[in-house]
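Enquirer: Once you've had a glance at the structure underneath, I'll fire off some questions.
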Amino acid sequence: MKLFDVYPINHIEPVKALGTTIWDKEGQEYLDLYGGHAVISIGHSHPYYVQKVSDQLSKLAFYSNSVEIPLQQELAEKLGKTAGLEDFRLFLVNSGAEANENALKLASFHNGRKKVIAFKKAFHGRTSAAVAVTDNPSIRAALNFAEHVEFLPFNDVEAVKAAVNEETCAVIVEGIQGVGGIQVATDEFLKTIREACDAHGAVMIHDSVQCGYGRSGKFFSFQYSGVQPDIVSMAKGMGNGFPIGGILISPKFESKHGMLGTTFGGNHLACAAGIAVLDVINEEKLVENASNVGSFLLDELKKMSNIKEVRGRGLMIGIELEQAVGPIRKALLEQDHIFTGVAGAHIIRLLPSLALKKADAERFLESFSKYL
Ligand code: PMP
């Protein structure tokens, strides 16, 4: 049997990884500045994480959500404390799309409405409701109808004021658009969404799947603005590679048995991975590290010439060039053994582990500057 061919592949085959280093099958070492698309938060194969996940695997990997799973509560408490959102409640799922799917569904359960406002270049996942609010018609099938979705220009305050009304179920927004090219939401934009949602009974959903979990230099990027969303979706960095996602739900939502559900979400092994990730984030002060090393990288990149624009926060960085970035990424990979990501033809996207060291950032800057 062959694979159903849907992924454009980078020509690198990692077989082993540790921290921010990956090795291919020839034993060649690479600096990983892509972090498996923002998934590797605490670093590959972190020894504490490996131990905790292995211990859980040998005890009990899975039962079902029909029994008591205290690990879920432990994860919720640690997450509430780490993020400073102790009033919120947690519903656990398996991926970013599933988190957004449930966020939208919960919003519609809450106010009974179905009109959703999303933004140009937004990416929220590939399941039905998530892909309907994703601004890419080419990944939306006929079944994923989006008639109820309106796409507004990102960071356009006036457009939000004009569009949100009594029919609006939810506004869904990424704090930093990732797939859309590393566009940072302004504080004013998020505040306007918050006010418009409050004025009209709409739900503010903040998609933190890519920009959350410390990546922006704060635990959640909306914490720069002081705005508190009603629902926060998360995944990627939450499990450091183990599939786990979730939504944080403000106290104003009522829960009813059966309204949301999933077989695998919140399983023992996923919770053990999630708890270990938070332990390491706290112990090693990785949010501060993301802020410090990220600011260093952003500042240094902004000093370089021949760059159209540098955008981002923390360790979520986009470098936009006039020319296509393919040849530079290839040279970085083949000559300097540094693996980077992209967002479209002209933007290099950096999403390394939150534990990236300043020396590794310097290594990248030195290599990158040769090709400008
Ligand atoms: N939201 C955002 C902001 C994302 O970047 C992604 C993944 N790129 C998703 C949702 C979907 O996550 P998943 O692939 O885990 O379903």
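Within each chain, counting starts at residue 1; across the structure tokens, chains are named A, B, ... in the order shown, with ligands numbered 1 upward in that order.
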Please provide as a CSV table (one decimal) with C-alpha atoms, in the first residue's frame all residues within 12 Å of Ser108 (chain A), with the sequence filter that same-chain residues fewer than 3 positions apart are discarded (counting only C-alpha atoms).

Expert:
```
chain,number,residue,atom,x,y,z
A,101,GLU,CA,-14.2,22.6,16.4
A,102,ASN,CA,-15.3,22.3,20.0
A,103,ALA,CA,-14.8,26.0,20.7
A,104,LEU,CA,-17.1,27.0,17.9
A,105,LYS,CA,-19.6,24.3,18.9
A,111,ASN,CA,-25.9,31.7,22.4
A,112,GLY,CA,-27.8,29.6,19.9
A,113,ARG,CA,-26.4,31.6,16.9
A,114,LYS,CA,-24.4,30.4,13.9
A,115,LYS,CA,-22.7,33.4,12.2
A,116,VAL,CA,-19.0,33.5,12.7
A,129,ALA,CA,-16.1,24.0,11.3
A,167,GLU,CA,-26.5,37.6,14.9
A,168,THR,CA,-22.8,37.0,15.6
A,169,CYS,CA,-22.2,33.7,17.4
A,170,ALA,CA,-18.4,34.0,17.7
A,171,VAL,CA,-15.3,35.9,16.5
A,201,GLY,CA,-23.5,38.7,23.2
A,202,ALA,CA,-20.9,37.1,20.9
A,203,VAL,CA,-18.2,34.7,22.0
A,204,MET,CA,-14.5,35.7,21.6
A,205,ILE,CA,-12.4,32.6,20.7
A,253,PHE,CA,-20.4,28.8,30.0
A,259,MET,CA,-22.6,18.3,24.9
```

Enquirer: Taking only C-alpha atoms and all ligand atoms into account, produce a table as JSON lines in which each residue of chain A with an atom at most 6 Å from an atom of ligand 1 appears once, together with its shortest atom pair and the distance in Å to one decimal, ordered by chain and rising number.

Expert:
```
{"residue": "A:Ser95", "atom": "CA", "partner": "ligand 1", "partner_atom_place_in_ligand_line": "15 (O)", "distance": 3.9}
{"residue": "A:Gly96", "atom": "CA", "partner": "ligand 1", "partner_atom_place_in_ligand_line": "12 (O)", "distance": 3.3}
{"residue": "A:Ala97", "atom": "CA", "partner": "ligand 1", "partner_atom_place_in_ligand_line": "16 (O)", "distance": 3.6}
{"residue": "A:Phe123", "atom": "CA", "partner": "ligand 1", "partner_atom_place_in_ligand_line": "2 (C)", "distance": 5.4}
{"residue": "A:His124", "atom": "CA", "partner": "ligand 1", "partner_atom_place_in_ligand_line": "1 (N)", "distance": 3.7}
{"residue": "A:Gly125", "atom": "CA", "partner": "ligand 1", "partner_atom_place_in_ligand_line": "11 (C)", "distance": 3.7}
{"residue": "A:Glu174", "atom": "CA", "partner": "ligand 1", "partner_atom_place_in_ligand_line": "3 (C)", "distance": 5.9}
{"residue": "A:Gly178", "atom": "CA", "partner": "ligand 1", "partner_atom_place_in_ligand_line": "5 (O)", "distance": 5.5}
{"residue": "A:Val179", "atom": "CA", "partner": "ligand 1", "partner_atom_place_in_ligand_line": "5 (O)", "distance": 5.9}
{"residue": "A:Asp207", "atom": "CA", "partner": "ligand 1", "partner_atom_place_in_ligand_line": "3 (C)", "distance": 5.7}
{"residue": "A:Val209", "atom": "CA", "partner": "ligand 1", "partner_atom_place_in_ligand_line": "2 (C)", "distance": 4.8}
{"residue": "A:Gln210", "atom": "CA", "partner": "ligand 1", "partner_atom_place_in_ligand_line": "5 (O)", "distance": 4.6}
```

Enquirer: Give me the residues near Asn267 (chain A) as JSON, numbers by chain, where near means some atom within 9 Å (using only C-alpha atoms) and where sequence neighbours in that chain fewer than 5 positions away do not count.

Expert: {"A": [61, 62, 63, 64, 65, 69, 71, 72, 92, 272]}

Enquirer: Residues within 8 Å of region 225-232 of chain A, please, as a list in words. Count only C-alpha atoms; anything in the same chain fewer than 5 positions from it doesn't count.

Expert: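 Counting only the stated atoms, we get Ala103, Thr186, Asp187, Glu188, Leu190, Lys191, Arg194, Val203, Met204, Ile205, His206, Asp207, Ser208, Ile247, Leu248, Ile249 and Ser250 of chain A.
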
Enquirer: From the DSSP assignment of the backbone, select every residue of region 7-194 of chain A that is strand (DSSP E), and format the answer as number ranges by chain.

Expert: A: 14-18, 21-24, 29-32, 89-93, 115-119, 149-152, 168-174, 176-177, 183-184

Enquirer: Please report as JSON lines every residue of region 252-321 of chain A lying within 10 Å of region 55-60 of chain A, along with the nearest atom pair and their distance in Å (one decimal), using only C-alpha atoms.

Expert:
```
{"residue": "A:Asn267", "atom": "CA", "partner": "A:Leu60", "partner_atom": "CA", "distance": 9.5}
{"residue": "A:His268", "atom": "CA", "partner": "A:Leu60", "partner_atom": "CA", "distance": 6.8}
{"residue": "A:Leu269", "atom": "CA", "partner": "A:Gln56", "partner_atom": "CA", "distance": 6.0}
{"residue": "A:Ala270", "atom": "CA", "partner": "A:Gln56", "partner_atom": "CA", "distance": 9.4}
{"residue": "A:Cys271", "atom": "CA", "partner": "A:Gln56", "partner_atom": "CA", "distance": 9.3}
{"residue": "A:Ala272", "atom": "CA", "partner": "A:Gln56", "partner_atom": "CA", "distance": 6.6}
{"residue": "A:Ala273", "atom": "CA", "partner": "A:Gln56", "partner_atom": "CA", "distance": 8.9}
```

Enquirer: Near Asp360 (chain A), within 8 Å and counting only C-alpha atoms, which residues show up once chain neighbours fewer than 4 positions away are dropped, as a list in words?

Expert: Leu31, Leu356 and Phe364 of chain A

Enquirer: Got a sec: who's within 9 Å of Asn136 (chain A), counting only C-alpha atoms, leaving out chain neighbours fewer than 5 positions off, as a PyMOL selection string?

Expert: chain A and resi 120-123+131

Enquirer: Can you work out the spacing between CA of Leu298 (chain A) and CA of Val325 (chain A) in Å, to one decimal?

Expert: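 Interatomic distance here is 18.0 Å.
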
Enquirer: Can you list, as JSON, numbers by chain, all residues belonging to region 65-276 of chain A that DSSP tags as alpha helix (DSSP H)?

Expert: {"A": [70, 71, 72, 73, 74, 75, 76, 77, 78, 79, 80, 81, 82, 83, 96, 97, 98, 99, 100, 101, 102, 103, 104, 105, 106, 107, 108, 109, 110, 111, 128, 129, 130, 131, 132, 157, 158, 159, 160, 161, 162, 163, 187, 188, 189, 190, 191, 192, 193, 194, 195, 196, 197, 198, 199, 200, 268, 269, 270, 271, 272, 273, 274, 275, 276]}

Enquirer: Rank nothing, just name the residue among A:Leu85, A:Ile244, A:Lys2, A:Ala17 nearest to Gln223 (chain A), using only C-alpha atoms.

Expert: A:Leu85

Enquirer: Of the candidates A:Val133, A:Ala118, A:Leu333, A:Leu365, which one gets nearest to Val160 (chain A) if we count only C-alpha atoms?

Expert: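 Nearest candidate to Val160 (chain A) out of A:Val133, A:Ala118, A:Leu333, A:Leu365: A:Ala118.
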